file final_38.csv (CSV, C-alpha atoms)
chain,number,residue,atom,x,y,z
X,1,MET,CA,0.0,0.0,0.0
X,2,GLY,CA,3.0,2.3,-0.3
X,3,VAL,CA,6.4,3.0,1.1
X,4,GLU,CA,6.4,2.8,4.9
X,5,ASN,CA,7.5,5.9,6.7
X,6,ASP,CA,9.5,6.4,9.9
X,7,ILE,CA,6.5,6.1,12.2
X,8,GLY,CA,5.1,3.0,10.6
X,9,LEU,CA,2.4,4.6,8.5
X,10,GLN,CA,2.2,4.4,4.8
X,11,SER,CA,1.0,6.6,1.9
X,12,PRO,CA,-1.9,4.4,0.5
X,13,ASP,CA,-3.6,4.7,-2.8
X,14,LEU,CA,-6.9,6.4,-1.9
X,15,VAL,CA,-9.0,3.9,-3.9
X,16,MET,CA,-7.2,0.9,-2.3
X,17,LEU,CA,-7.8,2.4,1.1
X,18,CYS,CA,-11.5,2.9,0.3
X,19,GLY,CA,-11.7,-0.8,-0.8
X,20,ILE,CA,-10.5,-2.2,2.5
X,21,LEU,CA,-14.0,-3.3,3.5
X,22,LYS,CA,-14.0,-5.4,0.2
X,23,VAL,CA,-17.7,-6.1,0.1
X,24,CYS,CA,-18.8,-2.4,0.2
X,25,GLU,CA,-17.3,0.8,-1.1
X,26,LEU,CA,-16.1,3.3,1.4
X,27,GLU,CA,-16.0,6.9,0.1
X,28,LEU,CA,-13.5,9.3,1.8
X,29,VAL,CA,-13.2,13.0,1.7
X,30,LEU,CA,-10.0,14.3,3.2
X,31,LEU,CA,-10.4,17.3,5.6
X,32,GLY,CA,-6.8,18.4,6.1
X,33,LYS,CA,-4.1,19.8,3.9
X,34,GLN,CA,-1.7,16.9,4.2
X,35,GLY,CA,-1.8,13.7,2.1
X,36,PRO,CA,-3.3,10.6,3.7
X,37,LYS,CA,-1.0,8.2,5.6
X,38,ALA,CA,-2.3,5.1,7.2
X,39,HIS,CA,-1.6,1.6,8.4
X,40,VAL,CA,-4.5,-0.6,7.3
X,41,ASP,CA,-4.9,-4.3,6.6
X,42,SER,CA,-7.5,-7.0,6.6
X,43,LEU,CA,-8.2,-10.7,6.8
X,44,ALA,CA,-10.9,-12.4,4.8
X,45,SER,CA,-12.5,-15.8,5.0
X,46,GLU,CA,-15.9,-17.3,4.0
X,47,GLN,CA,-17.1,-16.5,7.5
X,48,ALA,CA,-15.9,-12.9,8.0
X,49,ILE,CA,-13.9,-9.9,6.8
X,50,CYS,CA,-11.8,-8.4,9.6
X,51,PHE,CA,-9.9,-5.1,9.2
X,52,SER,CA,-7.9,-2.8,11.4
X,53,GLY,CA,-6.1,0.4,10.8
X,54,GLU,CA,-4.8,3.8,12.0
X,55,VAL,CA,-4.9,7.0,10.1
X,56,ASN,CA,-3.0,10.3,10.5
X,57,PHE,CA,-5.6,12.4,8.6
X,58,ALA,CA,-9.1,13.6,9.4
X,59,PHE,CA,-11.7,12.5,6.9
X,60,ARG,CA,-15.4,12.3,6.2
X,61,GLY,CA,-16.6,8.8,5.3
X,62,ARG,CA,-19.7,7.2,3.8
X,63,PHE,CA,-20.5,3.6,3.0
X,64,ALA,CA,-23.5,1.3,2.6
X,65,LEU,CA,-23.4,-2.4,3.6
X,66,PRO,CA,-24.6,-4.9,1.1
X,67,PRO,CA,-27.8,-6.8,1.9
X,68,GLY,CA,-27.3,-9.6,4.3
X,69,TRP,CA,-24.1,-8.2,5.9
X,70,CYS,CA,-23.6,-6.3,9.1
X,71,LEU,CA,-20.5,-4.6,10.7
X,72,PHE,CA,-19.4,-4.4,14.3
X,73,GLY,CA,-16.2,-3.1,15.7
X,74,TYR,CA,-14.3,-1.0,18.3
X,75,LEU,CA,-12.7,2.4,18.4
X,76,HIS,CA,-9.3,2.0,20.1
X,77,GLN,CA,-8.5,5.7,19.7
X,78,THR,CA,-10.2,8.8,18.4
X,79,ALA,CA,-10.6,12.5,19.3
X,80,GLN,CA,-13.7,14.3,20.4
X,81,GLU,CA,-14.4,15.8,17.0
X,82,SER,CA,-15.2,12.4,15.6
X,83,TRP,CA,-18.9,11.5,15.0
X,84,CYS,CA,-21.4,9.2,13.4
X,85,HIS,CA,-24.6,10.6,12.1
X,86,GLY,CA,-23.9,13.7,14.2
X,87,THR,CA,-23.5,11.7,17.5
X,88,GLY,CA,-20.1,12.2,19.1
X,89,LEU,CA,-17.6,9.3,19.1
X,90,ALA,CA,-14.9,8.6,21.7
X,91,SER,CA,-12.1,6.2,22.4
X,92,GLY,CA,-13.3,2.9,23.9
X,93,MET,CA,-16.6,2.9,22.0
X,94,ALA,CA,-18.0,-0.2,20.3
X,95,PHE,CA,-20.4,0.0,17.4
X,96,THR,CA,-22.8,-2.2,15.3
X,97,VAL,CA,-24.0,-1.2,11.8
X,98,PHE,CA,-26.9,-3.0,10.0
X,99,PRO,CA,-27.5,-2.9,6.2
X,100,GLU,CA,-30.0,-0.2,6.1
X,101,GLY,CA,-29.2,3.1,4.3
X,102,VAL,CA,-25.9,4.9,4.1
X,103,SER,CA,-23.6,5.2,7.2
X,104,GLU,CA,-22.0,8.6,7.5
X,105,PHE,CA,-19.2,9.5,9.9
X,106,MET,CA,-16.1,11.6,10.5
X,107,LEU,CA,-12.9,10.4,12.1
X,108,SER,CA,-10.1,12.6,13.4
X,109,SER,CA,-6.4,12.2,12.7
X,110,GLY,CA,-4.9,9.6,14.9
X,111,SER,CA,-8.0,7.4,15.0
X,112,ARG,CA,-7.5,3.6,15.3
X,113,VAL,CA,-10.4,1.2,14.6
X,114,THR,CA,-11.0,-2.5,14.2
X,115,GLY,CA,-14.1,-3.9,12.6
X,116,VAL,CA,-15.6,-7.2,11.5
X,117,LEU,CA,-18.0,-7.8,8.6
X,118,VAL,CA,-20.2,-10.9,9.0
X,119,PRO,CA,-23.4,-12.2,7.5
X,120,GLN,CA,-26.2,-10.6,9.4
X,121,GLN,CA,-27.8,-14.0,10.2
X,122,ARG,CA,-24.8,-15.0,12.2
X,123,LEU,CA,-25.3,-12.0,14.5
X,124,VAL,CA,-29.0,-12.6,14.7
X,125,ASP,CA,-28.5,-16.3,15.6
X,126,ALA,CA,-26.0,-15.3,18.3
X,127,TYR,CA,-28.5,-12.8,19.7
X,128,LEU,CA,-31.2,-15.5,19.8
X,129,GLU,CA,-29.0,-17.8,21.8
X,130,LEU,CA,-28.5,-15.0,24.4
X,131,ASN,CA,-32.2,-13.9,24.3
X,132,PRO,CA,-34.4,-16.8,23.0
X,133,HIS,CA,-37.6,-15.0,24.1
X,134,GLN,CA,-36.8,-11.7,22.3
X,135,PRO,CA,-36.7,-12.5,18.6
X,136,ASP,CA,-36.0,-8.9,17.4
X,137,VAL,CA,-32.5,-7.6,17.6
X,138,PRO,CA,-32.5,-4.2,19.4
X,139,THR,CA,-30.5,-2.5,16.6
X,140,ARG,CA,-30.7,1.0,18.2
X,141,ALA,CA,-29.6,-0.3,21.6
X,142,ILE,CA,-26.4,-2.0,20.3
X,143,ALA,CA,-25.6,0.6,17.6
X,144,LEU,CA,-23.1,2.6,19.7
X,145,PHE,CA,-22.0,2.1,23.3
X,146,SER,CA,-19.0,2.8,25.5
X,147,LEU,CA,-17.2,-0.1,27.1
X,148,SER,CA,-17.2,0.5,30.8
X,149,ASP,CA,-15.1,-1.5,33.4
X,150,ASP,CA,-17.5,-4.4,33.9
X,151,GLU,CA,-16.4,-7.9,33.1
X,152,ARG,CA,-18.2,-8.2,29.8
X,153,ALA,CA,-16.8,-4.9,28.5
X,154,ARG,CA,-13.2,-5.8,29.6
X,155,ALA,CA,-13.5,-9.1,27.8
X,156,LEU,CA,-14.7,-7.5,24.6
X,157,ARG,CA,-11.9,-4.9,24.7
X,158,VAL,CA,-9.3,-7.6,25.1
X,159,LYS,CA,-10.7,-9.6,22.2
X,160,PHE,CA,-10.6,-6.5,19.9
X,161,GLU,CA,-7.1,-5.7,20.9
X,162,ALA,CA,-6.0,-9.2,20.2
X,163,LEU,CA,-7.8,-9.1,16.8
X,164,ARG,CA,-6.1,-5.9,15.9
X,165,ASP,CA,-2.7,-7.3,16.7
X,166,ARG,CA,-3.4,-10.4,14.7
X,167,ILE,CA,-4.5,-8.5,11.6
X,168,LEU,CA,-1.7,-5.9,11.6
X,169,HIS,CA,1.2,-8.0,12.9
X,170,MET,CA,0.6,-11.7,12.7
X,171,HIS,CA,-1.8,-12.2,9.9
X,172,ARG,CA,0.7,-13.8,7.6
X,173,GLU,CA,1.3,-16.5,10.1
X,174,VAL,CA,-2.4,-17.3,10.6
X,175,PRO,CA,-4.4,-19.0,7.8
X,176,ALA,CA,-7.4,-16.8,7.0
X,177,ALA,CA,-9.6,-19.9,6.7
X,178,GLU,CA,-9.3,-20.3,10.5
X,179,LEU,CA,-10.9,-17.0,11.0
X,180,ASP,CA,-14.1,-17.6,12.9
X,181,PRO,CA,-15.7,-14.6,14.7
X,182,GLY,CA,-18.2,-16.6,16.7
X,183,GLU,CA,-16.7,-15.9,20.1
X,184,LEU,CA,-16.2,-12.2,19.2
X,185,ILE,CA,-19.8,-11.9,18.1
X,186,GLU,CA,-21.0,-13.4,21.4
X,187,ALA,CA,-18.7,-11.1,23.5
X,188,HIS,CA,-19.8,-8.1,21.5
X,189,LEU,CA,-23.5,-8.7,22.0
X,190,ALA,CA,-23.0,-9.6,25.7
X,191,ALA,CA,-21.2,-6.2,26.3
X,192,ALA,CA,-23.8,-4.3,24.2
X,193,LEU,CA,-26.8,-5.8,26.1
X,194,ALA,CA,-25.1,-5.1,29.5
X,195,ALA,CA,-24.3,-1.5,28.6
X,196,ARG,CA,-25.9,1.1,30.9
X,197,PRO,CA,-28.0,4.0,29.6
X,198,ASP,CA,-25.1,6.4,30.4
X,199,ASP,CA,-22.9,4.2,28.1
X,200,ARG,CA,-25.0,5.0,25.1
X,201,PRO,CA,-24.2,8.5,23.6
X,202,ALA,CA,-27.0,10.8,22.5
X,203,CYS,CA,-27.0,13.4,19.8
X,204,SER,CA,-28.1,16.8,21.1
X,205,ARG,CA,-30.8,18.8,19.3
X,206,GLY,CA,-28.3,21.4,18.2
X,207,ARG,CA,-25.8,18.9,16.9
X,208,ARG,CA,-28.6,17.1,15.0
X,209,THR,CA,-29.6,20.4,13.4
X,210,HIS,CA,-26.0,20.9,12.3
X,211,TYR,CA,-25.8,17.4,10.9
X,212,LEU,CA,-28.9,17.7,8.8
X,213,ALA,CA,-27.9,21.1,7.4
X,214,VAL,CA,-24.4,19.7,6.4
X,215,GLN,CA,-26.0,16.6,5.0
X,216,ARG,CA,-28.4,18.6,2.7
X,217,ALA,CA,-25.6,21.0,1.6
X,218,GLU,CA,-23.3,18.0,0.8
X,219,GLU,CA,-25.9,16.3,-1.2
X,220,PHE,CA,-26.4,19.4,-3.3
X,221,MET,CA,-22.6,19.6,-3.8
X,222,ARG,CA,-22.6,16.0,-5.1
X,223,ARG,CA,-25.5,16.5,-7.5
X,224,ASN,CA,-23.9,19.6,-9.0
X,225,LEU,CA,-20.2,18.9,-8.8
X,226,ARG,CA,-19.6,19.6,-12.5
X,227,ARG,CA,-20.6,23.3,-12.3
X,228,ASP,CA,-19.8,26.3,-10.2
X,229,ILE,CA,-21.6,26.2,-6.8
X,230,TYR,CA,-22.3,29.3,-4.8
X,231,LEU,CA,-22.6,29.6,-1.1
X,232,THR,CA,-26.1,31.1,-1.4
X,233,GLU,CA,-27.2,27.9,-3.3
X,234,LEU,CA,-25.8,25.7,-0.5
X,235,CYS,CA,-27.7,27.8,2.1
X,236,ASN,CA,-30.9,27.4,0.2
X,237,ALA,CA,-30.4,23.7,-0.2
X,238,ALA,CA,-29.6,23.3,3.5
X,239,GLY,CA,-32.5,25.7,4.6
X,240,VAL,CA,-30.3,27.8,6.8
X,241,SER,CA,-28.5,31.2,6.8
X,242,GLU,CA,-24.9,31.6,5.7
X,243,ARG,CA,-23.8,32.1,9.3
X,244,ALA,CA,-25.6,28.9,10.4
X,245,LEU,CA,-24.2,26.9,7.5
X,246,ARG,CA,-20.6,28.0,8.3
X,247,TYR,CA,-21.1,27.2,11.9
X,248,ALA,CA,-22.5,23.8,11.1
X,249,PHE,CA,-19.6,22.9,8.8
X,250,ASP,CA,-17.1,24.2,11.4
X,251,ASP,CA,-18.7,22.1,14.1
X,252,LEU,CA,-18.9,18.8,12.2
X,253,MET,CA,-16.1,19.1,9.7
X,254,GLY,CA,-13.7,21.6,11.1
X,255,VAL,CA,-13.6,23.4,7.7
X,256,SER,CA,-15.7,26.0,5.8
X,257,PRO,CA,-18.3,24.9,3.2
X,258,ASN,CA,-16.1,26.2,0.4
X,259,ARG,CA,-13.1,24.3,1.7
X,260,TYR,CA,-15.1,21.1,2.0
X,261,LEU,CA,-16.4,21.5,-1.6
X,262,SER,CA,-12.8,21.9,-2.7
X,263,MET,CA,-11.7,18.7,-1.0
X,264,LEU,CA,-14.7,16.8,-2.2
X,265,ARG,CA,-13.8,17.8,-5.8
X,266,LEU,CA,-10.2,16.9,-5.3
X,267,CYS,CA,-10.9,13.5,-3.8
X,268,THR,CA,-13.5,12.7,-6.4
X,269,ALA,CA,-10.9,13.5,-9.1
X,270,CYS,CA,-8.3,11.3,-7.4
X,271,LYS,CA,-10.7,8.4,-7.4
X,272,ASN,CA,-11.7,8.9,-11.0
X,273,LEU,CA,-8.1,9.3,-12.1
X,274,THR,CA,-7.2,6.1,-10.3
X,275,LEU,CA,-10.0,4.1,-11.9
X,276,SER,CA,-9.8,5.6,-15.4
X,277,ASP,CA,-8.2,4.1,-18.5
X,278,ALA,CA,-5.5,6.5,-19.6
X,279,SER,CA,-6.2,5.6,-23.3
X,280,ARG,CA,-9.8,6.7,-22.9
X,281,ARG,CA,-9.8,9.6,-20.5
X,282,SER,CA,-7.5,12.6,-19.9
X,283,VAL,CA,-6.6,14.6,-16.8
X,284,LYS,CA,-8.5,17.5,-18.3
X,285,SER,CA,-11.7,15.6,-18.8
X,286,VAL,CA,-11.6,14.2,-15.2
X,287,ALA,CA,-10.9,17.6,-13.7
X,288,LEU,CA,-13.7,19.3,-15.7
X,289,SER,CA,-16.2,16.5,-14.7
X,290,CYS,CA,-15.5,17.5,-11.0
X,291,GLY,CA,-15.9,21.2,-11.6
X,292,LEU,CA,-12.1,21.9,-11.5
X,293,TRP,CA,-11.8,24.5,-14.2
X,294,ASP,CA,-8.3,25.9,-13.4
X,295,LEU,CA,-6.1,23.0,-14.5
X,296,SER,CA,-2.8,24.5,-13.3
X,297,ARG,CA,-4.2,25.3,-9.8
X,298,PHE,CA,-5.8,21.8,-9.7
X,299,ALA,CA,-2.4,20.1,-10.5
X,300,ASP,CA,-0.6,22.1,-7.8
X,301,HIS,CA,-3.2,21.4,-5.2
X,302,TYR,CA,-3.4,17.7,-6.2
X,303,ARG,CA,0.4,17.3,-5.9
X,304,ARG,CA,0.5,19.0,-2.5
X,305,VAL,CA,-2.1,16.6,-1.1
X,306,PHE,CA,-1.4,13.3,-2.9
X,307,GLY,CA,2.4,13.7,-3.5
X,308,GLU,CA,2.2,13.2,-7.3
X,309,ARG,CA,0.9,14.8,-10.4
X,310,PRO,CA,-2.6,14.0,-11.6
X,311,ARG,CA,-1.1,12.4,-14.8
X,312,ASP,CA,1.0,10.1,-12.7
X,313,THR,CA,-2.1,8.8,-11.0
X,314,LEU,CA,-3.9,8.4,-14.3
X,315,MET,CA,-1.0,6.5,-16.0
X,316,ARG,CA,-1.0,3.7,-13.3
X,317,SER,CA,-3.1,0.7,-14.0
X,318,PRO,CA,-6.5,0.7,-12.2
X,319,PRO,CA,-5.9,-1.2,-9.0
X,320,PHE,CA,-8.7,-3.7,-9.4
X,321,GLU,CA,-7.7,-4.4,-13.0
X,322,ALA,CA,-4.1,-5.0,-11.8
X,323,ALA,CA,-5.3,-7.3,-9.0

call {"tool": "encode", "arguments": {"input": "final_38.csv", "output": "structure tokens"}}
result
Amino acid sequence: MGVENDIGLQSPDLVMLCGILKVCELELVLLGKQGPKAHVDSLASEQAICFSGEVNFAFRGRFALPPGWCLFGYLHQTAQESWCHGTGLASGMAFTVFPEGVSEFMLSSGSRVTGVLVPQQRLVDAYLELNPHQPDVPTRAIALFSLSDDERARALRVKFEALRDRILHMHREVPAAELDPGELIEAHLAAALAARPDDRPACSRGRRTHYLAVQRAEEFMRRNLRRDIYLTELCNAAGVSERALRYAFDDLMGVSPNRYLSMLRLCTACKNLTLSDASRRSVKSVALSCGLWDLSRFADHYRRVFGERPRDTLMRSPPFEAA
């Protein structure tokens, strides 16, 4: 995934980093001025896909799970600005994601996370073994919870730490076919069901308002990425004043609406350049399709963030074709 640097992180291809979940596409928008560096790896078998990683860049992420799959995991480390659907995240939180809709989140620089993708039925069956008289899985109750100091929480924390070490350091010595998440699923559910009300974070009304405003503005950006977009249009799409929109973006993204739009265009261009056939598309056509009209400025900005010229990215073979 790149040349390892002196602190153990690498400069990954953005598309390869987005493909770490394998069965679903993760979309990233960088929020800082520096290029992405990460240490990410995964293990896959017929029973599960496990991944773990650490990033040195803040990013906005979106993904949708395929039907029949669910995701659960643990945040080893993250800062207070991180969130999921507007709800604040913190170090030591566990999460469960079911295959309904698009999951939206933001992770701060320095975040470390481990996750497991499994067929949803496996989690349902494990829940029924723990609660045979309650056939419906309480998805909201187990969606996000902090691991306290009780026995179940400690046991789950130890298992996730061991899994992270296995993926990042010992995975080449362990056959992926032996990867069975059964015990981890049971420990995860046991800790989730034992969590206290105080262990389940809530999204304040003000934060929810900010999240919805940012969400509406971002969707407008994505629909109109090819053309010039003005701040007044974003305010109309979000249904808020210019001051409120700036405040919402600063609260959730740490950047202004215009800065976010610039990074959304740049990351979209990077993805398209990586996946395009150099014999059929040019840097100019990709840039214009993302609303990047000043090609010289685009090339300079791209090189500062990704460490190479746009043409260098385009000339490489598409990663999935090479694989």

call {"tool": "closest_residue", "arguments": {"input": "final_38.csv", "among": "X:Val305, X:Met315, X:Leu252, X:Ala143", "to": "Arg280 (chain X)", "atoms": "only C-alpha atoms"}}
result
X:Met315

call {"tool": "atom_distance", "arguments": {"input": "final_38.csv", "atom1": "CA of Tyr74 (chain X)", "atom2": "CA of Ser103 (chain X)"}}
result
15.8 Å

call {"tool": "atom_distance", "arguments": {"input": "final_38.csv", "atom1": "CA of Gly115 (chain X)", "atom2": "CA of Asp180 (chain X)"}}
result
13.7 Å

call {"tool": "residues_around", "arguments": {"input": "final_38.csv", "residues": "Phe105 (chain X)", "least_positions_apart": "2", "cutoff": "12 Å", "atoms": "only C-alpha atoms", "output": "NGL selection string"}}
result
:X and (26-29 or 58-64 or 81-89 or 97 or 102-103 or 107-108 or 211 or 214-215 or 252-253)

call {"tool": "residues_around", "arguments": {"input": "final_38.csv", "residues": "Met93 (chain X)", "least_positions_apart": "3", "cutoff": "8 Å", "atoms": "only C-alpha atoms", "output": "PyMOL selection string"}}
result
chain X and resi 74-76+89-90+144-147

call {"tool": "atom_distance", "arguments": {"input": "final_38.csv", "atom1": "CA of Phe72 (chain X)", "atom2": "CA of Asp198 (chain X)"}}
result
20.2 Å

call {"tool": "closest_residue", "arguments": {"input": "final_38.csv", "among": "X:Lys271, X:Leu288, X:Ala213, X:Arg259", "to": "Tyr247 (chain X)", "atoms": "all atoms listed in the file"}}
result
X:Ala213

call {"tool": "closest_residue", "arguments": {"input": "final_38.csv", "among": "X:Ala190, X:Ile167, X:Leu123, X:Ala155", "to": "Ile49 (chain X)", "atoms": "all atoms listed in the file"}}
result
X:Ile167

call {"tool": "residues_around", "arguments": {"input": "final_38.csv", "residues": "Val286 (chain X)", "least_positions_apart": "3", "cutoff": "12 Å", "atoms": "all atoms listed in the file", "output": "PyMOL selection string"}}
result
chain X and resi 225-226+265-278+280-283+289-293+295+298-299+310-311+313-314

call {"tool": "decode", "arguments": {"input": "final_38.csv", "residues": "region 21-114 of chain X", "atoms": "C-alpha atoms", "output": "short mmCIF file (atom, residue, chain, number, x, y, z; two decimals), in the first residue's frame"}}
result
data_model
loop_
_atom_site.label_atom_id
_atom_site.label_comp_id
_atom_site.auth_asym_id
_atom_site.auth_seq_id
_atom_site.Cartn_x
_atom_site.Cartn_y
_atom_site.Cartn_z
CA LEU X 21 -13.98 -3.34 3.46
CA LYS X 22 -13.98 -5.43 0.25
CA VAL X 23 -17.74 -6.11 0.06
CA CYS X 24 -18.80 -2.44 0.21
CA GLU X 25 -17.32 0.75 -1.13
CA LEU X 26 -16.07 3.29 1.38
CA GLU X 27 -15.99 6.88 0.15
CA LEU X 28 -13.51 9.25 1.80
CA VAL X 29 -13.20 13.03 1.67
CA LEU X 30 -9.99 14.35 3.22
CA LEU X 31 -10.43 17.31 5.56
CA GLY X 32 -6.81 18.37 6.09
CA LYS X 33 -4.13 19.83 3.85
CA GLN X 34 -1.71 16.92 4.17
CA GLY X 35 -1.79 13.74 2.15
CA PRO X 36 -3.26 10.57 3.66
CA LYS X 37 -1.01 8.21 5.58
CA ALA X 38 -2.34 5.06 7.17
CA HIS X 39 -1.55 1.57 8.36
CA VAL X 40 -4.49 -0.58 7.32
CA ASP X 41 -4.87 -4.27 6.61
CA SER X 42 -7.53 -6.96 6.56
CA LEU X 43 -8.18 -10.68 6.81
CA ALA X 44 -10.91 -12.40 4.81
CA SER X 45 -12.53 -15.82 4.95
CA GLU X 46 -15.89 -17.30 4.02
CA GLN X 47 -17.12 -16.48 7.52
CA ALA X 48 -15.92 -12.91 8.05
CA ILE X 49 -13.90 -9.95 6.83
CA CYS X 50 -11.82 -8.36 9.58
CA PHE X 51 -9.93 -5.08 9.21
CA SER X 52 -7.94 -2.77 11.42
CA GLY X 53 -6.10 0.44 10.85
CA GLU X 54 -4.76 3.75 12.00
CA VAL X 55 -4.90 7.04 10.08
CA ASN X 56 -3.00 10.31 10.47
CA PHE X 57 -5.60 12.36 8.58
CA ALA X 58 -9.11 13.56 9.38
CA PHE X 59 -11.74 12.46 6.89
CA ARG X 60 -15.44 12.33 6.18
CA GLY X 61 -16.60 8.82 5.31
CA ARG X 62 -19.68 7.22 3.77
CA PHE X 63 -20.52 3.60 3.03
CA ALA X 64 -23.48 1.30 2.56
CA LEU X 65 -23.37 -2.35 3.58
CA PRO X 66 -24.59 -4.91 1.06
CA PRO X 67 -27.83 -6.76 1.87
CA GLY X 68 -27.34 -9.58 4.32
CA TRP X 69 -24.14 -8.20 5.91
CA CYS X 70 -23.56 -6.32 9.15
CA LEU X 71 -20.52 -4.61 10.65
CA PHE X 72 -19.41 -4.41 14.25
CA GLY X 73 -16.22 -3.06 15.75
CA TYR X 74 -14.27 -1.03 18.28
CA LEU X 75 -12.70 2.44 18.36
CA HIS X 76 -9.33 2.01 20.05
CA GLN X 77 -8.53 5.70 19.73
CA THR X 78 -10.21 8.81 18.36
CA ALA X 79 -10.63 12.49 19.27
CA GLN X 80 -13.74 14.31 20.44
CA GLU X 81 -14.45 15.85 17.03
CA SER X 82 -15.23 12.41 15.55
CA TRP X 83 -18.90 11.54 15.02
CA CYS X 84 -21.36 9.16 13.39
CA HIS X 85 -24.61 10.63 12.06
CA GLY X 86 -23.86 13.67 14.23
CA THR X 87 -23.46 11.67 17.45
CA GLY X 88 -20.07 12.20 19.06
CA LEU X 89 -17.60 9.31 19.11
CA ALA X 90 -14.93 8.63 21.72
CA SER X 91 -12.10 6.24 22.41
CA GLY X 92 -13.29 2.94 23.86
CA MET X 93 -16.63 2.85 22.02
CA ALA X 94 -18.00 -0.22 20.26
CA PHE X 95 -20.44 -0.04 17.36
CA THR X 96 -22.82 -2.16 15.28
CA VAL X 97 -24.01 -1.24 11.77
CA PHE X 98 -26.88 -2.99 9.99
CA PRO X 99 -27.48 -2.95 6.20
CA GLU X 100 -30.04 -0.17 6.05
CA GLY X 101 -29.17 3.07 4.31
CA VAL X 102 -25.86 4.92 4.11
CA SER X 103 -23.62 5.20 7.17
CA GLU X 104 -22.02 8.63 7.51
CA PHE X 105 -19.20 9.51 9.89
CA MET X 106 -16.12 11.64 10.49
CA LEU X 107 -12.90 10.37 12.08
CA SER X 108 -10.13 12.55 13.42
CA SER X 109 -6.43 12.24 12.70
CA GLY X 110 -4.87 9.56 14.90
CA SER X 111 -7.98 7.37 14.96
CA ARG X 112 -7.50 3.61 15.34
CA VAL X 113 -10.36 1.23 14.59
CA THR X 114 -10.96 -2.51 14.24
#
